[in-house]
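Structure data follow from work31.cif (mmCIF, C-alpha atoms):
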```cif
data_model
#
loop_
_atom_site.group_PDB
_atom_site.id
_atom_site.type_symbol
_atom_site.label_atom_id
_atom_site.label_comp_id
_atom_site.auth_asym_id
_atom_site.auth_seq_id
_atom_site.Cartn_x
_atom_site.Cartn_y
_atom_site.Cartn_z
ATOM 1 C CA ASN M 1 39.453 -165.981 -8.166
ATOM 2 C CA SER M 2 38.453 -169.277 -6.556
ATOM 3 C CA LEU M 3 35.904 -170.762 -4.148
ATOM 4 C CA ARG M 4 38.526 -170.814 -1.408
ATOM 5 C CA GLY M 5 39.425 -167.193 -2.081
ATOM 6 C CA PHE M 6 35.782 -166.178 -1.956
ATOM 7 C CA LYS M 7 35.276 -167.881 1.419
ATOM 8 C CA THR M 8 38.317 -166.066 2.830
ATOM 9 C CA TRP M 9 36.986 -162.749 1.521
ATOM 10 C CA LEU M 10 33.531 -163.446 2.941
ATOM 11 C CA TRP M 11 34.992 -164.226 6.376
ATOM 12 C CA TRP M 12 36.877 -160.916 6.315
ATOM 13 C CA GLN M 13 33.778 -159.057 5.155
ATOM 14 C CA ARG M 14 31.718 -160.436 8.002
ATOM 15 C CA LEU M 15 34.253 -159.114 10.485
ATOM 16 C CA GLN M 16 34.551 -155.697 8.854
ATOM 17 C CA GLN M 17 30.936 -155.011 7.954
ATOM 18 C CA ARG M 18 28.850 -156.112 10.901
ATOM 19 C CA ARG M 19 27.215 -152.695 10.940
ATOM 20 C CA LEU M 20 26.067 -153.136 7.352
ATOM 21 C CA TRP M 21 24.640 -156.584 8.064
ATOM 22 C CA ARG M 22 22.642 -155.112 10.958
ATOM 23 C CA LEU M 23 21.330 -152.304 8.742
ATOM 24 C CA GLU M 24 20.187 -154.757 6.068
ATOM 25 C CA ALA M 25 18.454 -156.908 8.666
ATOM 26 C CA GLU M 26 16.615 -153.817 9.880
ATOM 27 C CA LEU M 27 15.648 -152.798 6.331
ATOM 28 C CA ARG M 28 14.222 -156.256 5.608
ATOM 29 C CA GLU M 29 11.815 -155.733 8.482
ATOM 30 C CA ARG M 30 10.430 -152.501 7.032
ATOM 31 C CA SER M 31 7.206 -152.362 5.096
ATOM 32 C CA LEU M 32 7.666 -151.816 1.371
ATOM 33 C CA PRO M 33 8.162 -149.354 -0.227
ATOM 34 C CA PHE M 34 10.789 -147.286 1.594
ATOM 35 C CA SER M 35 13.791 -145.091 0.743
ATOM 36 C CA ILE M 36 17.437 -145.031 1.850
ATOM 37 C CA PRO M 37 19.795 -142.018 1.692
ATOM 38 C CA GLY M 38 23.201 -142.448 0.104
ATOM 39 C CA PHE M 39 25.649 -141.325 -2.578
ATOM 40 C CA CYS M 40 25.026 -142.178 -6.226
ATOM 41 C CA TYR M 41 28.246 -142.801 -8.138
ATOM 42 C CA VAL M 42 26.495 -142.295 -11.479
ATOM 43 C CA CYS M 43 24.985 -138.921 -10.524
ATOM 44 C CA GLY M 44 28.013 -137.853 -8.509
ATOM 45 C CA GLN M 45 25.851 -136.565 -5.664
ATOM 46 C CA TYR M 46 23.784 -137.599 -2.670
ATOM 47 C CA SER M 47 20.341 -138.955 -3.402
ATOM 48 C CA LYS M 48 17.533 -141.156 -2.117
ATOM 49 C CA PHE M 49 17.204 -144.774 -3.211
ATOM 50 C CA TYR M 50 13.761 -146.333 -3.440
ATOM 51 C CA VAL M 51 13.091 -149.972 -2.662
ATOM 52 C CA ASP M 52 9.710 -151.445 -3.594
ATOM 53 C CA ALA M 53 8.092 -154.873 -3.884
ATOM 54 C CA LEU M 54 9.106 -155.567 -7.495
ATOM 55 C CA HIS M 55 11.177 -158.791 -7.641
ATOM 56 C CA ALA M 56 10.749 -159.203 -3.873
ATOM 57 C CA GLU M 57 10.816 -162.693 -2.391
ATOM 58 C CA ARG M 58 7.864 -163.767 -0.299
ATOM 59 C CA LYS M 59 8.592 -165.613 2.938
ATOM 60 C CA GLU M 60 5.339 -166.581 4.594
ATOM 61 C CA ALA M 61 3.432 -163.294 4.911
ATOM 62 C CA LYS M 62 6.457 -161.028 4.469
ATOM 63 C CA LEU M 63 8.091 -159.597 1.328
ATOM 64 C CA ILE M 64 11.901 -159.561 1.346
ATOM 65 C CA PRO M 65 13.245 -156.773 -0.899
ATOM 66 C CA ASN M 66 15.529 -157.535 -3.826
ATOM 67 C CA PHE M 67 18.295 -154.980 -3.305
ATOM 68 C CA ARG M 68 20.163 -156.011 -6.465
ATOM 69 C CA GLU M 69 17.291 -155.203 -8.819
ATOM 70 C CA ARG M 70 15.761 -152.321 -6.906
ATOM 71 C CA ALA M 71 17.186 -149.486 -4.743
ATOM 72 C CA LEU M 72 16.554 -147.055 -7.605
ATOM 73 C CA CYS M 73 18.294 -143.703 -7.392
ATOM 74 C CA LYS M 74 15.713 -140.900 -7.336
ATOM 75 C CA LYS M 75 17.760 -138.862 -9.829
ATOM 76 C CA CYS M 76 19.129 -141.308 -12.456
ATOM 77 C CA ARG M 77 16.548 -144.098 -11.845
ATOM 78 C CA LEU M 78 19.209 -146.824 -12.098
ATOM 79 C CA ASN M 79 19.024 -149.829 -9.804
ATOM 80 C CA THR M 80 21.845 -151.285 -7.715
ATOM 81 C CA ARG M 81 23.124 -153.643 -10.411
ATOM 82 C CA MET M 82 23.261 -150.935 -13.070
ATOM 83 C CA ARG M 83 24.888 -148.329 -10.848
ATOM 84 C CA ALA M 84 27.522 -150.789 -9.676
ATOM 85 C CA SER M 85 28.213 -151.930 -13.262
ATOM 86 C CA ILE M 86 29.039 -148.379 -14.344
ATOM 87 C CA HIS M 87 31.083 -147.853 -11.176
ATOM 88 C CA LEU M 88 33.140 -151.005 -11.694
ATOM 89 C CA PHE M 89 33.680 -150.386 -15.407
ATOM 90 C CA GLU M 90 35.046 -146.894 -14.850
ATOM 91 C CA GLN M 91 37.134 -148.032 -11.865
ATOM 92 C CA GLU M 92 38.613 -151.260 -13.255
ATOM 93 C CA CYS M 93 38.747 -150.320 -16.954
ATOM 94 C CA PRO M 94 38.999 -146.539 -17.185
ATOM 95 C CA PRO M 95 38.317 -146.003 -20.881
ATOM 96 C CA ALA M 96 40.423 -143.546 -22.833
ATOM 97 C CA GLU M 97 38.622 -140.863 -24.804
ATOM 98 C CA GLY M 98 37.201 -142.404 -27.960
ATOM 99 C CA ALA M 99 37.590 -146.001 -26.754
ATOM 100 C CA SER M 100 35.494 -148.473 -28.746
ATOM 101 C CA ILE M 101 32.813 -150.057 -26.538
ATOM 102 C CA TYR M 102 30.169 -152.700 -27.235
ATOM 103 C CA LEU M 103 27.232 -153.201 -24.857
ATOM 104 C CA ALA M 104 25.002 -156.240 -25.309
ATOM 105 C CA GLU M 105 21.790 -154.274 -24.727
ATOM 106 C CA GLN M 106 20.205 -151.221 -26.316
ATOM 107 C CA VAL M 107 16.655 -150.614 -25.061
ATOM 108 C CA THR M 108 17.524 -150.271 -21.356
ATOM 109 C CA PRO M 109 18.142 -147.327 -19.004
ATOM 110 C CA LEU M 110 21.706 -148.628 -18.561
ATOM 111 C CA TYR M 111 22.408 -148.210 -22.279
ATOM 112 C CA GLN M 112 20.988 -144.683 -22.271
ATOM 113 C CA HIS M 113 23.202 -143.619 -19.378
ATOM 114 C CA LEU M 114 26.335 -145.216 -20.812
ATOM 115 C CA ARG M 115 25.631 -143.587 -24.162
ATOM 116 C CA SER M 116 25.437 -140.193 -22.474
ATOM 117 C CA ARG M 117 28.915 -140.835 -21.019
ATOM 118 C CA PHE M 118 30.374 -142.597 -24.061
ATOM 119 C CA PRO M 119 28.608 -141.398 -27.263
ATOM 120 C CA GLN M 120 30.614 -143.846 -29.391
ATOM 121 C CA ILE M 121 29.165 -146.926 -27.662
ATOM 122 C CA VAL M 122 27.557 -149.629 -29.837
ATOM 123 C CA GLY M 123 24.518 -151.402 -28.397
ATOM 124 C CA SER M 124 22.395 -154.312 -29.587
ATOM 125 C CA GLU M 125 19.628 -156.709 -28.648
ATOM 126 C CA TYR M 126 18.881 -160.279 -29.681
ATOM 127 C CA LEU M 127 15.899 -159.938 -32.040
ATOM 128 C CA GLY M 128 16.008 -163.484 -33.382
ATOM 129 C CA ARG M 129 15.621 -164.145 -37.082
ATOM 130 C CA GLU M 130 13.160 -161.344 -37.820
ATOM 131 C CA ILE M 131 15.974 -159.333 -39.432
ATOM 132 C CA PRO M 132 19.565 -160.328 -40.384
ATOM 133 C CA PHE M 133 22.179 -160.141 -37.670
ATOM 134 C CA GLY M 134 24.197 -156.944 -37.863
ATOM 135 C CA THR M 135 21.271 -154.870 -39.171
ATOM 136 C CA LYS M 136 18.816 -152.558 -37.406
ATOM 137 C CA ASN M 137 15.050 -152.701 -37.162
ATOM 138 C CA GLN M 138 12.711 -149.764 -37.825
ATOM 139 C CA ASP M 139 13.344 -148.475 -34.297
ATOM 140 C CA GLY M 140 17.094 -148.382 -34.832
ATOM 141 C CA VAL M 141 17.791 -151.405 -32.619
ATOM 142 C CA ARG M 142 20.715 -153.504 -33.854
ATOM 143 C CA ASN M 143 20.253 -157.282 -33.973
ATOM 144 C CA GLU M 144 23.175 -159.401 -32.731
ATOM 145 C CA SER M 145 23.687 -162.931 -31.446
ATOM 146 C CA PHE M 146 26.488 -163.421 -28.926
ATOM 147 C CA ALA M 147 27.109 -166.850 -30.440
ATOM 148 C CA ALA M 148 27.824 -165.315 -33.879
ATOM 149 C CA LEU M 149 28.747 -161.635 -33.624
ATOM 150 C CA THR M 150 28.953 -159.752 -36.921
ATOM 151 C CA PHE M 151 31.792 -157.469 -35.820
ATOM 152 C CA ALA M 152 35.312 -157.727 -37.222
ATOM 153 C CA ASP M 153 38.183 -159.254 -35.281
ATOM 154 C CA ALA M 154 39.690 -156.938 -32.643
ATOM 155 C CA ALA M 155 36.895 -154.399 -33.105
ATOM 156 C CA PHE M 156 36.523 -153.218 -29.497
ATOM 157 C CA ASP M 157 38.525 -152.045 -26.516
ATOM 158 C CA PHE M 158 35.734 -153.114 -24.158
ATOM 159 C CA ILE M 159 32.743 -155.453 -24.234
ATOM 160 C CA LEU M 160 30.033 -155.064 -21.578
ATOM 161 C CA SER M 161 27.407 -157.724 -20.891
ATOM 162 C CA PHE M 162 25.047 -157.764 -17.940
ATOM 163 C CA ASP M 163 22.924 -160.851 -17.260
ATOM 164 C CA VAL M 164 23.047 -162.195 -20.831
ATOM 165 C CA PHE M 165 25.338 -165.263 -21.000
ATOM 166 C CA GLU M 166 23.001 -167.379 -18.873
ATOM 167 C CA HIS M 167 20.440 -167.250 -21.693
ATOM 168 C CA ILE M 168 22.826 -168.724 -24.291
ATOM 169 C CA PRO M 169 22.819 -172.553 -24.485
ATOM 170 C CA GLU M 170 26.418 -172.659 -25.807
ATOM 171 C CA PHE M 171 27.877 -169.883 -23.675
ATOM 172 C CA GLU M 172 31.445 -171.090 -24.376
ATOM 173 C CA ARG M 173 30.957 -170.105 -28.012
ATOM 174 C CA ALA M 174 29.811 -166.663 -26.890
ATOM 175 C CA PHE M 175 32.933 -166.291 -24.730
ATOM 176 C CA LEU M 176 35.050 -167.232 -27.753
ATOM 177 C CA GLU M 177 33.268 -164.658 -29.919
ATOM 178 C CA CYS M 178 33.883 -161.937 -27.344
ATOM 179 C CA ALA M 179 37.581 -162.815 -27.188
ATOM 180 C CA ARG M 180 37.716 -162.606 -30.996
ATOM 181 C CA CYS M 181 36.085 -159.176 -31.113
ATOM 182 C CA LEU M 182 38.301 -157.655 -28.418
ATOM 183 C CA LYS M 183 41.552 -155.927 -29.237
ATOM 184 C CA PRO M 184 44.702 -157.435 -27.661
ATOM 185 C CA GLY M 185 44.614 -156.379 -24.026
ATOM 186 C CA GLY M 186 40.928 -155.462 -24.303
ATOM 187 C CA LYS M 187 38.575 -156.244 -21.431
ATOM 188 C CA MET M 188 35.123 -157.718 -21.022
ATOM 189 C CA VAL M 189 33.072 -156.686 -17.981
ATOM 190 C CA PHE M 190 30.004 -158.792 -17.285
ATOM 191 C CA SER M 191 27.558 -160.220 -14.775
ATOM 192 C CA VAL M 192 25.760 -163.573 -14.682
ATOM 193 C CA PRO M 193 23.710 -165.498 -12.103
ATOM 194 C CA PHE M 194 26.529 -166.794 -9.916
ATOM 195 C CA VAL M 195 26.474 -169.448 -7.202
ATOM 196 C CA SER M 196 29.430 -168.443 -5.069
ATOM 197 C CA GLU M 197 29.395 -171.713 -3.100
ATOM 198 C CA SER M 198 29.682 -173.865 -6.236
ATOM 199 C CA ALA M 199 32.952 -174.838 -7.910
ATOM 200 C CA LYS M 200 31.053 -176.061 -10.997
ATOM 201 C CA ASN M 201 28.562 -174.416 -13.342
ATOM 202 C CA ILE M 202 24.955 -175.533 -12.954
ATOM 203 C CA LEU M 203 23.141 -176.616 -16.115
ATOM 204 C CA ARG M 204 19.437 -175.803 -15.812
ATOM 205 C CA ALA M 205 18.300 -176.566 -19.377
ATOM 206 C CA ARG M 206 19.780 -177.624 -22.711
ATOM 207 C CA VAL M 207 18.798 -177.799 -26.365
ATOM 208 C CA GLN M 208 18.472 -181.336 -27.730
ATOM 209 C CA GLY M 209 19.466 -182.439 -31.218
ATOM 210 C CA ASN M 210 15.889 -182.055 -32.488
ATOM 211 C CA GLY M 211 15.761 -178.441 -31.272
ATOM 212 C CA GLU M 212 13.536 -179.141 -28.266
ATOM 213 C CA ILE M 213 14.519 -177.829 -24.855
ATOM 214 C CA GLU M 214 15.171 -180.324 -22.065
ATOM 215 C CA HIS M 215 14.697 -178.908 -18.578
ATOM 216 C CA LEU M 216 17.023 -180.412 -15.977
ATOM 217 C CA LEU M 217 15.754 -178.065 -13.260
ATOM 218 C CA PRO M 218 12.469 -176.153 -12.922
ATOM 219 C CA PRO M 219 12.273 -173.552 -15.731
ATOM 220 C CA GLU M 220 13.529 -170.130 -14.740
ATOM 221 C CA PHE M 221 12.626 -167.078 -16.821
ATOM 222 C CA HIS M 222 14.169 -163.635 -16.418
ATOM 223 C CA ALA M 223 12.392 -160.388 -17.211
ATOM 224 C CA ASP M 224 13.074 -159.000 -20.680
ATOM 225 C CA MET M 225 11.925 -155.656 -22.105
ATOM 226 C CA LEU M 226 11.430 -157.157 -25.584
ATOM 227 C CA HIS M 227 9.709 -160.426 -24.669
ATOM 228 C CA GLU M 228 6.632 -160.543 -22.438
ATOM 229 C CA THR M 229 7.249 -164.170 -21.458
ATOM 230 C CA GLY M 230 10.827 -163.419 -20.411
ATOM 231 C CA CYS M 231 14.015 -165.275 -21.368
ATOM 232 C CA LEU M 232 14.798 -168.839 -20.331
ATOM 233 C CA CYS M 233 17.847 -169.240 -18.099
ATOM 234 C CA PHE M 234 20.040 -172.156 -19.232
ATOM 235 C CA HIS M 235 22.868 -171.780 -16.719
ATOM 236 C CA HIS M 236 23.845 -170.635 -13.281
ATOM 237 C CA PHE M 237 27.601 -170.222 -13.062
ATOM 238 C CA GLY M 238 30.216 -171.370 -10.574
ATOM 239 C CA TRP M 239 33.945 -170.760 -10.224
ATOM 240 C CA GLU M 240 34.885 -173.023 -13.159
ATOM 241 C CA MET M 241 33.600 -170.240 -15.421
ATOM 242 C CA LEU M 242 36.868 -168.346 -14.856
ATOM 243 C CA ALA M 243 38.901 -171.316 -16.084
ATOM 244 C CA ILE M 244 36.696 -171.579 -19.197
ATOM 245 C CA LEU M 245 37.330 -167.908 -19.975
ATOM 246 C CA ARG M 246 41.058 -168.514 -19.847
ATOM 247 C CA GLU M 247 40.705 -171.568 -22.079
ATOM 248 C CA VAL M 248 38.997 -169.589 -24.878
ATOM 249 C CA GLY M 249 41.603 -166.834 -25.088
ATOM 250 C CA PHE M 250 41.447 -164.535 -22.088
ATOM 251 C CA ALA M 251 44.771 -164.031 -20.331
ATOM 252 C CA ARG M 252 43.112 -163.603 -16.960
ATOM 253 C CA ALA M 253 39.648 -163.470 -15.472
ATOM 254 C CA TYR M 254 38.599 -162.426 -12.006
ATOM 255 C CA ALA M 255 35.601 -161.532 -9.864
ATOM 256 C CA CYS M 256 34.915 -158.189 -8.176
ATOM 257 C CA LEU M 257 32.373 -158.308 -5.369
ATOM 258 C CA PHE M 258 30.591 -155.088 -4.546
ATOM 259 C CA ARG M 259 28.876 -154.107 -1.324
ATOM 260 C CA SER M 260 28.724 -150.638 0.182
ATOM 261 C CA ARG M 261 26.525 -148.648 2.535
ATOM 262 C CA ASP M 262 27.829 -145.332 1.192
ATOM 263 C CA PHE M 263 26.865 -146.153 -2.424
ATOM 264 C CA VAL M 264 23.780 -148.178 -1.387
ATOM 265 C CA TYR M 265 25.019 -151.450 -2.869
ATOM 266 C CA LEU M 266 23.097 -153.607 -0.429
ATOM 267 C CA GLY M 267 22.145 -157.273 -0.188
ATOM 268 C CA ASP M 268 24.354 -160.327 -0.480
ATOM 269 C CA PRO M 269 27.793 -159.573 -1.976
ATOM 270 C CA GLN M 270 27.246 -159.281 -5.727
ATOM 271 C CA PRO M 271 29.903 -160.343 -8.248
ATOM 272 C CA LEU M 272 30.886 -158.582 -11.435
ATOM 273 C CA PHE M 273 33.545 -160.188 -13.604
ATOM 274 C CA VAL M 274 36.439 -158.874 -15.662
ATOM 275 C CA ALA M 275 38.136 -160.925 -18.378
ATOM 276 C CA GLU M 276 41.182 -159.525 -20.192
ATOM 277 C CA ARG M 277 42.223 -160.748 -23.619
ATOM 278 C CA ALA M 278 45.854 -161.683 -24.062
ATOM 279 C CA ALA M 279 47.983 -158.792 -25.334
#
```
Let me see whether you can do it: turn the structure in this file into structure tokens.
Amino acid sequence: NSLRGFKTWLWWQRLQQRRLWRLEAELRERSLPFSIPGFCYVCGQYSKFYVDALHAERKEAKLIPNFRERALCKKCRLNTRMRASIHLFEQECPPAEGASIYLAEQVTPLYQHLRSRFPQIVGSEYLGREIPFGTKNQDGVRNESFAALTFADAAFDFILSFDVFEHIPEFERAFLECARCLKPGGKMVFSVPFVSESAKNILRARVQGNGEIEHLLPPEFHADMLHETGCLCFHHFGWEMLAILREVGFARAYACLFRSRDFVYLGDPQPLFVAERAA
């Protein structure tokens, strides 16, 4: 739950998982695409996981695979990040039957799989001002803004958000809205771009008083299924994010780092976060 704690964990991981580091080094030398055998938590069975050049990083003449966004299971077609998100949610926050769940996405494979497991789940996308917030478009997609959710107080047992908060200029307001919409003792599970070596959040861009965007760092856009140009990233987060969560109404907030050869969660240790509203 702190930079110091993360460094201690990383030191222990390096001692315990030397074999995994060697495997990843070997995989990075392979020509793309390739497949890896392993066990898929979502499918509940052994499968093959495909890694291709999409989102790969180029270093000189070589492409370095992006294990977080690829390593797609042959059966469920979910990537590492999505599979691990479902795994962590069911492990850290085992939902009771009929639990109320809100997921801040609706047109993704992750939503489809979670809906098959939890039919009562509510999903949404940010559609802007084309229709009122809280309503659905002709395709049945609900429009919501994290900065001004239309749900009642204490509406949900769980809120799930994966790579969304970094696109919200006033993310603190979004945290506050999530705390408002959670029942006492409810939990939010989420991911964001996280700089594990940084104590402070990193501001990449901000909205000025006249509505124009000021870029403090080179613009960074993330892929989005609803917008061809992608979504601008305003923040990368550091460890102070956990303190901000506690300030806006969460009783505790902590990071869970996932990495596993068995489940094919490869690459640098990836964090998912859990924030629990005060009971």
Practice problem: Evaluate the PyMOL selection byres ((chain M and resi 146) around 8) here and jot the selected residues down as a PyMOL selection string. | Solution: chain M and resi 144-145+147-149+168+174+177-178
Given the selection you just returned, output its residues as a file containing C-alpha atoms, formatted as a PDB file, keeping the file's coordinate frame.
```
ATOM      1  CA  GLU M 144      23.175-159.401 -32.731  1.00  0.00           C
ATOM      2  CA  SER M 145      23.687-162.931 -31.446  1.00  0.00           C
ATOM      3  CA  ALA M 147      27.109-166.850 -30.440  1.00  0.00           C
ATOM      4  CA  ALA M 148      27.824-165.315 -33.879  1.00  0.00           C
ATOM      5  CA  LEU M 149      28.747-161.635 -33.624  1.00  0.00           C
ATOM      6  CA  ILE M 168      22.826-168.724 -24.291  1.00  0.00           C
ATOM      7  CA  ALA M 174      29.811-166.663 -26.890  1.00  0.00           C
ATOM      8  CA  GLU M 177      33.268-164.658 -29.919  1.00  0.00           C
ATOM      9  CA  CYS M 178      33.883-161.937 -27.344  1.00  0.00           C
TER      10      CYS M 178
END
```
Quiz prompt | Selection result for the PyMOL selection byres ((chain M and resi 268-278) around 8) on this file, as a PyMOL selection string | solution = chain M and resi 68+85+88+179+182-192+194+245+249-259+266-267+279
Self-check item: Counting only C-alpha atoms, the residue of M:Cys231, M:Glu212, M:Gly238, M:Val248 that sits nearest Arg180 in chain M
Solution: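 Under the stated criterion, the closest residue is M:Val248.
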Quiz item: Which of these, M:Ala25, M:Val122, M:Ile36, M:Leu242, has the shortest distance to Phe49 in chain M once you count all atoms listed in the file?
Solution: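 Once distances to Phe49 in chain M are computed over all atoms listed in the file, the minimum belongs to M:Ile36.
CA of Arg70 in chain M is found 25.4 Å from CA of Arg204 in chain M.
Interatomic distance, CA of Phe89 in chain M to CA of Phe158 in chain M: 9.4 Å.
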Quiz prompt | For Phe171 in chain M, the nearest of the candidates M:Pro65, M:Arg30, M:Phe234, M:Glu92, counting all atoms listed in the file | solution = M:Phe234
Practice problem: Choose the residue, out of M:Gly209, M:Asn137, M:Pro132, M:His222, that has the smallest atom-to-atom separation from Glu166 in chain M; count only C-alpha atoms. | Solution: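 Checking each candidate against Glu166 in chain M, we get M:His222 as the closest.
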Quiz prompt | Separation of CA of Arg58 in chain M from CA of Ala223 in chain M, in Å and rounded to one decimal | solution =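 Between CA of Arg58 in chain M and CA of Ala223 in chain M the gap works out to 17.8 Å.
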Exercise. Using the chain letters and numbering of this document, enumerate as a VMD selection string the residues selected by the PyMOL selection byres ((chain M and resi 35) around 10).
Key: chain M and resid 27 32 to 34 36 to 38 47 to 52 71 to 74
Quiz item: Which residue gives the smallest distance to Ile101 in chain M among M:Phe156, M:Tyr126, M:Tyr41, M:Trp9, with all atoms listed in the file counted?
Solution: M:Phe156
Would you compute the box with edges along x, y and z of the file around range 131-140 of chain M, including every atom the file lists for it and 3 Å extra on each side, and give its centre and edge lengths in Å to one decimal, as AutoDock Vina command-line options?
```
--center_x 18.5 --center_y -154.4 --center_z -37.3 --size_x 17.5 --size_y 17.9 --size_z 12.1
```
Exercise. Would you kindly return, as a ChimeraX atom specification, each protein, DNA or RNA residue with an atom no farther than 12 Å from any atom of Pro218 in chain M, considering only C-alpha atoms and excluding same-chain residues fewer than 5 positions away?
Key: /M:203-205,232-235
Exercise. Determine the nearest neighbour of Ala243 in chain M from the options M:Ser260, M:Gln138, M:Ser31, M:Asn201, counting all atoms listed in the file.
Key: M:Asn201
Exercise. Write out as a ChimeraX atom specification the residues lying within 12 Å of Gly5 in chain M, counting all atoms listed in the file and excluding same-chain residues fewer than 2 positions away.
Key: /M:1-3,7-12,196-197,199,239,254-257
Quiz prompt | Neighbour list for Gln120 in chain M as a ChimeraX atom specification, cut-off 10 Å, all atoms listed in the file, skip fewer than 2 positions in-chain | solution = /M:97-102,114-118,122-123
